[in-house]
file input08.txt (compact mmCIF, C-alpha atoms)
# COMPACT_ATOMS: atom_id res chain seq x y z
CA MET A 1 89.25 189.87 218.27
CA LYS A 2 91.68 187.01 217.90
CA GLN A 3 94.57 187.12 220.33
CA LEU A 4 97.91 186.71 218.56
CA LYS A 5 101.20 185.05 219.40
CA VAL A 6 103.88 187.61 218.62
CA GLY A 7 107.67 187.48 218.61
CA ILE A 8 110.34 190.18 218.41
CA LEU A 9 113.68 189.28 216.84
CA GLY A 10 116.37 191.62 218.15
CA ALA A 11 114.36 192.32 221.29
CA THR A 12 117.22 193.78 223.33
CA GLY A 13 118.09 196.57 220.86
CA ALA A 14 116.67 200.09 220.76
CA VAL A 15 114.06 199.28 218.09
CA GLY A 16 113.14 195.96 219.69
CA GLU A 17 112.60 197.71 223.01
CA GLN A 18 110.41 200.33 221.33
CA MET A 19 108.37 197.60 219.62
CA ARG A 20 107.47 196.23 223.05
CA ILE A 21 106.43 199.69 224.21
CA VAL A 22 104.32 200.33 221.10
CA LEU A 23 102.59 196.94 221.32
CA ALA A 24 101.56 197.78 224.87
CA GLU A 25 100.52 201.35 224.10
CA ARG A 26 98.34 200.35 221.15
CA ASN A 27 96.75 197.44 223.05
CA PHE A 28 97.82 195.02 220.35
CA PRO A 29 95.82 191.80 220.91
CA LEU A 30 98.47 189.52 222.41
CA SER A 31 98.02 186.06 223.82
CA GLU A 32 101.78 185.60 224.05
CA LEU A 33 104.93 187.67 223.47
CA ARG A 34 108.25 185.93 222.83
CA LEU A 35 111.53 187.82 222.80
CA PHE A 36 114.46 186.61 220.70
CA GLY A 37 118.10 187.60 220.60
CA SER A 38 121.62 186.27 220.25
CA ALA A 39 123.11 183.50 222.34
CA ARG A 40 124.80 186.21 224.39
CA SER A 41 121.52 187.89 225.34
CA ALA A 42 119.57 184.65 225.87
CA GLY A 43 118.31 184.39 229.43
CA THR A 44 118.08 188.14 229.92
CA GLU A 45 114.86 189.05 231.72
CA ILE A 46 112.76 191.91 230.35
CA GLU A 47 109.55 193.23 231.87
CA PHE A 48 106.42 193.51 229.76
CA LYS A 49 103.09 194.55 231.25
CA GLY A 50 104.25 193.58 234.74
CA GLU A 51 105.51 190.17 233.66
CA LYS A 52 109.13 189.05 233.43
CA LEU A 53 109.93 187.57 230.01
CA LYS A 54 113.15 185.72 229.24
CA VAL A 55 114.97 186.39 226.00
CA GLN A 56 115.34 183.21 223.95
CA GLU A 57 118.12 182.45 221.51
CA ALA A 58 116.71 182.93 218.02
CA SER A 59 115.93 179.74 216.08
CA LEU A 60 113.25 178.49 213.73
CA GLU A 61 112.24 175.98 216.36
CA ALA A 62 111.66 178.79 218.86
CA PHE A 63 109.48 180.63 216.33
CA LYS A 64 107.00 177.75 215.96
CA GLY A 65 103.38 178.69 216.66
CA LEU A 66 103.83 182.42 216.19
CA ASP A 67 101.28 184.44 214.24
CA LEU A 68 103.55 187.48 213.85
CA LEU A 69 107.29 188.06 214.03
CA LEU A 70 108.63 191.61 214.17
CA GLY A 71 112.22 191.89 212.95
CA ALA A 72 114.54 194.37 214.69
CA ALA A 73 117.86 192.67 213.95
CA ASP A 74 120.60 193.47 211.47
CA ASN A 75 120.64 192.28 207.87
CA ASP A 76 122.66 189.10 208.42
CA VAL A 77 120.31 187.87 211.15
CA ALA A 78 117.25 188.88 209.12
CA LYS A 79 118.45 186.94 206.07
CA LYS A 80 119.29 183.90 208.20
CA PHE A 81 115.87 183.57 209.83
CA LEU A 82 113.06 185.63 208.35
CA PRO A 83 112.41 184.07 204.91
CA ASP A 84 112.18 180.64 206.54
CA ALA A 85 109.94 182.02 209.28
CA ALA A 86 107.58 183.35 206.60
CA LYS A 87 107.55 179.91 204.94
CA MET A 88 106.36 178.50 208.28
CA GLY A 89 103.19 180.55 207.94
CA ILE A 90 104.28 183.37 210.24
CA VAL A 91 103.60 186.95 209.11
CA VAL A 92 106.97 188.71 209.26
CA VAL A 93 107.42 192.50 209.37
CA ASP A 94 111.11 193.28 209.11
CA ASN A 95 112.87 196.54 209.98
CA SER A 96 116.22 195.66 208.37
CA SER A 97 117.14 196.76 204.85
CA ALA A 98 117.64 193.17 203.67
CA PHE A 99 114.38 192.79 201.74
CA ARG A 100 113.21 196.35 201.05
CA LEU A 101 113.96 196.34 197.33
CA ASP A 102 113.00 192.71 196.73
CA PRO A 103 110.18 192.86 194.12
CA GLU A 104 108.43 189.98 195.89
CA VAL A 105 108.31 191.82 199.22
CA PRO A 106 105.95 194.77 199.89
CA LEU A 107 107.58 197.89 201.34
CA VAL A 108 104.95 199.80 203.29
CA ILE A 109 104.20 203.04 205.10
CA PRO A 110 100.55 202.82 206.23
CA GLU A 111 99.93 206.52 205.54
CA VAL A 112 101.45 206.22 202.06
CA ASN A 113 100.73 202.83 200.45
CA PRO A 114 98.68 200.60 202.79
CA GLU A 115 97.20 198.79 199.78
CA ASP A 116 100.55 197.09 199.11
CA VAL A 117 100.12 194.96 202.22
CA LYS A 118 97.53 192.92 200.30
CA TRP A 119 100.08 191.21 198.05
CA HIS A 120 102.47 190.03 200.76
CA LYS A 121 103.63 186.42 200.72
CA GLY A 122 104.45 186.26 204.41
CA LEU A 123 107.22 188.86 204.51
CA ILE A 124 106.73 192.65 204.59
CA ALA A 125 109.56 195.19 204.80
CA ASN A 126 109.64 198.29 206.96
CA PRO A 127 111.27 201.21 205.10
CA ASN A 128 114.31 203.25 206.06
CA CYS A 129 113.64 205.66 208.93
CA ALA A 130 114.44 208.87 207.04
CA THR A 131 112.35 207.69 204.09
CA ILE A 132 109.36 206.97 206.36
CA ILE A 133 109.53 210.46 207.83
CA ALA A 134 109.90 212.20 204.45
CA LEU A 135 107.18 210.26 202.62
CA THR A 136 104.72 210.52 205.48
CA ALA A 137 105.27 214.29 205.36
CA VAL A 138 104.68 214.61 201.61
CA ALA A 139 102.21 211.80 200.80
CA ALA A 140 99.16 214.08 200.78
CA LEU A 141 100.97 216.54 198.50
CA HIS A 142 101.98 213.73 196.14
CA ARG A 143 98.39 212.50 195.89
CA LYS A 144 97.30 216.01 194.92
CA ALA A 145 100.10 217.15 192.59
CA ARG A 146 102.33 214.10 191.87
CA LEU A 147 105.87 214.42 193.18
CA ARG A 148 108.52 214.19 190.45
CA ARG A 149 111.78 215.35 192.02
CA MET A 150 113.16 216.06 195.49
CA ILE A 151 116.31 217.47 197.03
CA ALA A 152 116.63 216.24 200.61
CA SER A 153 119.01 217.13 203.42
CA THR A 154 118.60 214.96 206.52
CA TYR A 155 119.86 215.66 210.03
CA GLN A 156 119.76 212.22 211.61
CA ALA A 157 119.83 211.50 215.32
CA VAL A 158 122.27 209.04 216.86
CA SER A 159 119.34 206.72 217.63
CA GLY A 160 119.56 205.77 213.95
CA ALA A 161 122.75 203.88 214.81
CA GLY A 162 120.95 201.91 217.52
CA ARG A 163 121.48 201.84 221.26
CA GLN A 164 125.25 202.06 220.80
CA GLY A 165 124.89 205.37 218.97
CA ILE A 166 123.02 206.86 221.92
CA ASP A 167 125.56 205.44 224.38
CA ASP A 168 128.47 206.88 222.36
CA LEU A 169 127.02 210.39 222.32
CA LEU A 170 126.26 210.36 226.05
CA ALA A 171 129.73 209.01 226.85
CA GLU A 172 131.35 211.82 224.86
CA ILE A 173 129.16 214.53 226.42
CA HIS A 174 129.83 213.32 229.96
CA ALA A 175 133.53 212.52 229.55
CA PRO A 176 135.86 214.40 231.93
CA GLU A 177 137.33 217.55 230.42
CA GLY A 178 140.29 216.76 228.21
CA GLU A 179 139.37 213.10 227.79
CA GLN A 180 137.96 211.59 224.60
CA PRO A 181 136.23 208.21 224.91
CA PRO A 182 137.25 205.62 222.31
CA LEU A 183 135.27 205.74 219.08
CA GLY A 184 132.29 203.41 218.84
CA VAL A 185 129.88 203.17 215.93
CA PHE A 186 130.83 206.52 214.39
CA PRO A 187 134.09 207.21 212.48
CA TYR A 188 134.61 210.51 214.34
CA PRO A 189 133.48 212.03 217.64
CA ILE A 190 129.79 212.94 217.39
CA ALA A 191 129.36 215.27 220.38
CA TYR A 192 129.45 218.91 219.22
CA ASN A 193 130.08 217.64 215.71
CA LEU A 194 128.33 216.76 212.43
CA ILE A 195 129.32 213.76 210.31
CA PRO A 196 128.22 213.98 206.65
CA GLN A 197 128.33 210.23 206.12
CA ILE A 198 125.81 207.50 206.95
CA GLY A 199 126.67 204.24 205.19
CA GLY A 200 129.31 203.51 202.58
CA PHE A 201 129.89 205.57 199.43
CA ASN A 202 129.05 204.47 195.89
CA ASP A 203 130.82 205.41 192.65
CA LEU A 204 128.75 208.59 192.36
CA GLY A 205 129.77 209.82 195.81
CA TYR A 206 126.41 209.08 197.46
CA THR A 207 126.13 206.96 200.59
CA SER A 208 123.92 203.90 200.91
CA GLU A 209 121.65 205.85 203.27
CA GLU A 210 121.26 208.65 200.73
CA MET A 211 120.20 206.28 197.96
CA LYS A 212 117.40 204.78 200.06
CA MET A 213 115.24 207.89 199.75
CA GLN A 214 115.08 207.51 195.96
CA ASN A 215 115.08 203.73 195.66
CA GLU A 216 112.53 203.06 198.41
CA GLY A 217 110.50 206.13 197.45
CA ARG A 218 110.11 204.87 193.88
CA LYS A 219 108.79 201.54 195.13
CA MET A 220 106.25 202.93 197.61
CA LEU A 221 105.02 205.82 195.48
CA HIS A 222 104.87 203.55 192.41
CA GLU A 223 106.89 206.17 190.56
CA PRO A 224 109.86 204.48 188.81
CA ASP A 225 111.15 207.84 187.52
CA PHE A 226 111.06 209.65 190.88
CA LEU A 227 114.36 211.54 191.29
CA VAL A 228 116.09 212.37 194.58
CA SER A 229 119.38 214.00 195.46
CA CYS A 230 119.93 213.40 199.15
CA THR A 231 122.61 214.38 201.67
CA CYS A 232 122.45 212.56 205.02
CA VAL A 233 124.20 214.01 208.06
CA ARG A 234 124.57 212.46 211.52
CA VAL A 235 123.95 215.07 214.20
CA PRO A 236 124.41 215.04 218.02
CA ILE A 237 120.69 214.61 218.76
CA ILE A 238 119.37 211.64 220.77
CA ARG A 239 116.02 211.07 219.04
CA SER A 240 114.11 212.36 216.01
CA HIS A 241 115.42 212.90 212.52
CA SER A 242 114.96 216.30 210.87
CA GLU A 243 114.74 216.82 207.11
CA ALA A 244 114.74 219.77 204.72
CA LEU A 245 112.88 218.82 201.53
CA THR A 246 112.70 220.78 198.28
CA MET A 247 110.19 219.28 195.85
CA GLU A 248 109.07 219.67 192.27
CA PHE A 249 105.60 218.41 191.35
CA GLU A 250 103.89 217.60 188.08
CA LYS A 251 100.94 219.89 188.83
CA GLU A 252 100.78 223.34 190.36
CA ILE A 253 100.52 223.52 194.14
CA SER A 254 100.81 226.54 196.43
CA PRO A 255 102.09 226.75 200.01
CA GLU A 256 98.54 227.56 201.09
CA GLU A 257 97.17 224.44 199.36
CA ALA A 258 99.94 222.36 200.91
CA ARG A 259 99.05 223.58 204.41
CA GLU A 260 95.38 222.79 203.82
CA LEU A 261 96.22 219.28 202.64
CA LEU A 262 98.63 218.60 205.50
CA LYS A 263 96.24 219.92 208.15
CA ASP A 264 94.21 216.69 207.95
CA ALA A 265 96.83 214.32 206.56
CA PRO A 266 97.16 211.00 208.45
CA GLY A 267 100.29 210.68 210.55
CA VAL A 268 101.11 214.37 210.18
CA LYS A 269 100.94 217.40 212.46
CA LEU A 270 101.04 220.73 210.64
CA TYR A 271 103.22 222.99 212.76
CA ASP A 272 103.83 225.99 210.56
CA ASP A 273 103.66 229.49 212.02
CA PRO A 274 107.11 231.08 211.67
CA ALA A 275 105.83 234.45 212.91
CA GLU A 276 105.13 232.77 216.26
CA LYS A 277 108.36 230.73 216.05
CA LYS A 278 106.38 227.53 215.52
CA TYR A 279 108.20 224.99 213.37
CA PRO A 280 109.24 221.33 213.72
CA MET A 281 112.12 220.53 216.07
CA PRO A 282 113.49 217.21 217.36
CA LEU A 283 112.82 218.03 221.02
CA ASP A 284 109.11 218.41 220.28
CA THR A 285 108.80 215.36 218.06
CA SER A 286 110.66 212.79 220.17
CA ASP A 287 108.79 209.95 221.90
CA GLN A 288 105.59 210.31 219.84
CA ASP A 289 104.41 209.09 216.44
CA LEU A 290 103.42 212.10 214.34
CA VAL A 291 105.64 213.67 211.70
CA TYR A 292 105.67 217.43 212.25
CA VAL A 293 105.72 219.55 209.07
CA GLY A 294 106.39 223.30 208.79
CA ARG A 295 108.40 226.06 207.11
CA ILE A 296 106.32 225.47 203.95
CA ARG A 297 107.31 227.95 201.23
CA ARG A 298 108.12 228.39 197.57
CA ASP A 299 111.47 227.18 196.22
CA LEU A 300 113.10 230.44 195.15
CA SER A 301 115.69 228.57 193.07
CA ALA A 302 113.08 226.91 190.82
CA PRO A 303 113.11 227.97 187.16
CA LYS A 304 110.21 230.13 186.01
CA GLU A 305 108.49 227.22 184.25
CA SER A 306 108.38 225.11 187.43
CA TYR A 307 108.15 227.83 190.10
CA ASN A 308 104.43 227.25 190.73
CA ARG A 309 105.07 223.53 191.00
CA SER A 310 107.86 223.70 193.58
CA LEU A 311 107.85 223.81 197.37
CA THR A 312 110.28 223.60 200.27
CA LEU A 313 109.45 222.37 203.78
CA PHE A 314 111.02 221.13 207.01
CA CYS A 315 109.86 218.04 208.89
CA CYS A 316 110.81 216.06 211.99
CA GLY A 317 109.85 212.64 213.30
CA ASP A 318 110.93 210.17 215.94
CA GLN A 319 113.30 207.74 214.27
CA VAL A 320 112.84 204.91 216.77
CA ARG A 321 109.06 205.15 216.85
CA LYS A 322 107.44 206.21 213.54
CA GLY A 323 110.73 205.69 211.72
CA ALA A 324 110.91 202.06 212.87
CA ALA A 325 108.88 200.38 215.63
CA THR A 326 105.51 202.10 215.30
CA ASN A 327 105.47 201.77 211.51
CA ALA A 328 106.10 198.03 211.85
CA VAL A 329 103.27 197.58 214.35
CA GLN A 330 100.95 199.66 212.14
CA ILE A 331 101.70 197.32 209.24
CA ALA A 332 100.84 194.33 211.43
CA GLU A 333 97.57 195.99 212.43
CA ILE A 334 96.59 196.27 208.76
CA VAL A 335 97.51 192.62 208.06
CA PHE A 336 95.41 191.30 210.94
CA GLY A 337 92.52 193.74 210.48
CA ILE A 338 93.19 195.61 213.72
CA ALA A 339 93.64 199.08 212.17

call {"tool": "encode", "arguments": {"input": "input08.txt", "output": "structure tokens"}}
result
Amino acid sequence: MKQLKVGILGATGAVGEQMRIVLAERNFPLSELRLFGSARSAGTEIEFKGEKLKVQEASLEAFKGLDLLLGAADNDVAKKFLPDAAKMGIVVVDNSSAFRLDPEVPLVIPEVNPEDVKWHKGLIANPNCATIIALTAVAALHRKARLRRMIASTYQAVSGAGRQGIDDLLAEIHAPEGEQPPLGVFPYPIAYNLIPQIGGFNDLGYTSEEMKMQNEGRKMLHEPDFLVSCTCVRVPIIRSHSEALTMEFEKEISPEEARELLKDAPGVKLYDDPAEKKYPMPLDTSDQDLVYVGRIRRDLSAPKESYNRSLTLFCCGDQVRKGAATNAVQIAEIVFGIA
């Protein structure tokens, strides 16, 4: 197999760090790994497979010769570098939200719509973390019964705000009694608290994070009329997002059928035995790549005409891994015929 020259933009952040780990774990065929960051982080040494690699300041010149560039930087940095990197002939898989809804850029979850990789023009977008977890959980059900509508409540770990989010929570937990550390990336203290806001609000009262589930879901499911009402909540959990999903399908589907479909669904672990207290939880799903799905049941609020077409479930998945780094590496594996 051809050995590839790979770069990571945003290599010192939480997702960039996880991309390095995933590349090593999955034995991605590397002939060279280059790490890129800001001028401030340039020169930092990071170990990879027993070798010390120096972080380089990001530039198009520094990208020359790469086969693959994984983006783990914020939107401004992504917009500055990644379209031009793609024009240089580099395959770019970007984790920012900058290009997700661009009609010229595929948005891909390998377990959901791997076929969309085929029409890339050099740049492929990695979806929002909560969207990846939700759609991986329900893709097999959608293929069977066609998902039409979803009500989602997400309980999102501080890892979704990057390394600083994790640092802020730990600082608050370990602060001396009576002391409150200064606020960081969150508008309120997060320890022992819930914050029902992730992103800015629109005119309808929904945050930017909440709209991603519908907008990105429509693109990947190829369902322009897919409807979602989503509430996103930041919770004091280090890793793994949890989500409660209530769904209405076009065709009838029972909880028993759903369990049978999910038992063998790619990227999913069916963990659904409430009598034995077996259900998805963030502690169990952190630092691995499967989306756990359980608590599958009928939606008791569904009208009579749609009752047999409605289900509710609970799912959990690691935000930094499957919700970001692993999904990006899986996309690259499809592009280069490794998967």

call {"tool": "residues_around", "arguments": {"input": "input08.txt", "residues": "Asn193 in chain A", "least_positions_apart": "6", "cutoff": "9 Å", "atoms": "all atoms listed in the file", "output": "PDB file with C-alpha atoms, in the coordinates of the input"}}
result
ATOM      1  CA  ARG A 234     124.570 212.460 211.520  1.00  0.00           C
ATOM      2  CA  VAL A 235     123.950 215.070 214.200  1.00  0.00           C
ATOM      3  CA  PRO A 236     124.410 215.040 218.020  1.00  0.00           C
TER       4      PRO A 236
END

call {"tool": "closest_residue", "arguments": {"input": "input08.txt", "among": "A:Leu270, A:Lys118, A:Val55, A:Asn113", "to": "Arg40 in chain A", "atoms": "all atoms listed in the file"}}
result
A:Val55

call {"tool": "atom_distance", "arguments": {"input": "input08.txt", "atom1": "CA of Ile173 in chain A", "atom2": "CA of Val158 in chain A"}}
result
13.0 Å

call {"tool": "atom_distance", "arguments": {"input": "input08.txt", "atom1": "CA of Pro176 in chain A", "atom2": "CA of Ile190 in chain A"}}
result
15.8 Å

call {"tool": "closest_residue", "arguments": {"input": "input08.txt", "among": "A:Cys230, A:Phe36, A:Leu82, A:His222", "to": "Gln197 in chain A", "atoms": "all atoms listed in the file"}}
result
A:Cys230

call {"tool": "residues_near_point", "arguments": {"input": "input08.txt", "point": "(111.3, 205.1, 217.4)", "cutoff": "9 Å", "atoms": "all atoms listed in the file", "output": "VMD selection string"}}
result
chain A and resid 14 to 15 18 to 19 129 159 to 160 239 to 240 286 to 289 317 to 327

call {"tool": "atom_distance", "arguments": {"input": "input08.txt", "atom1": "CA of Phe226 in chain A", "atom2": "CA of Tyr271 in chain A"}}
result
26.8 Å

call {"tool": "closest_residue", "arguments": {"input": "input08.txt", "among": "A:Lys251, A:Glu257, A:Gln330, A:Ala72", "to": "Glu305 in chain A", "atoms": "all atoms listed in the file"}}
result
A:Lys251

call {"tool": "closest_atom_pairs", "arguments": {"input": "input08.txt", "of": "range 187-233 of chain A", "to": "range 86-109 of chain A", "cutoff": "12 Å", "atoms": "only C-alpha atoms", "output": "CSV"}}
result
residue,atom,partner,partner_atom,distance
A:Ser208,CA,A:Ser97,CA,10.6
A:Glu209,CA,A:Ser97,CA,10.3
A:Met211,CA,A:Leu101,CA,11.8
A:Lys212,CA,A:Ser97,CA,9.3
A:Met213,CA,A:Arg100,CA,11.8
A:Gln214,CA,A:Leu101,CA,11.3
A:Asn215,CA,A:Leu101,CA,7.7
A:Glu216,CA,A:Leu101,CA,7.0
A:Gly217,CA,A:Leu107,CA,9.6
A:Arg218,CA,A:Leu101,CA,10.0
A:Lys219,CA,A:Leu107,CA,7.3
A:Met220,CA,A:Leu107,CA,6.4
A:Leu221,CA,A:Val108,CA,9.9
A:His222,CA,A:Leu107,CA,10.9

call {"tool": "axis_aligned_box", "arguments": {"input": "input08.txt", "around": "range 60-74 of chain A", "padding_each_side": "4 Å", "output": "JSON"}}
result
{"center_x": 110.9, "center_y": 185.2, "center_z": 215.2, "size_x": 27.3, "size_y": 26.4, "size_z": 15.4}

call {"tool": "closest_residue", "arguments": {"input": "input08.txt", "among": "A:Val138, A:Thr246, A:Ala175, A:Arg163", "to": "Pro266 in chain A", "atoms": "only C-alpha atoms"}}
result
A:Val138

call {"tool": "residues_near_point", "arguments": {"input": "input08.txt", "point": "(99.1, 191.7, 223.4)", "cutoff": "10 Å", "atoms": "all atoms listed in the file", "output": "list in words"}}
result
Gln3, Leu4, Lys5, Val6, Arg20, Leu23, Ala24, Glu25, Arg26, Asn27, Phe28, Pro29, Leu30, Ser31, Glu32, Leu33, Phe48 and Lys49 of chain A

call {"tool": "residues_around", "arguments": {"input": "input08.txt", "residues": "range 294-300 of chain A", "least_positions_apart": "2", "cutoff": "10 Å", "atoms": "only C-alpha atoms", "output": "number ranges by chain"}}
result
A: 137, 244-248, 253-256, 258-259, 262, 269-274, 278-281, 292, 302-304, 306-316

call {"tool": "closest_residue", "arguments": {"input": "input08.txt", "among": "A:Ala140, A:Leu227, A:Leu60, A:Ala11", "to": "Lys80 in chain A", "atoms": "only C-alpha atoms"}}
result
A:Leu60

call {"tool": "closest_residue", "arguments": {"input": "input08.txt", "among": "A:Ser41, A:Leu123, A:Glu47, A:Val112", "to": "Pro83 in chain A", "atoms": "all atoms listed in the file"}}
result
A:Leu123
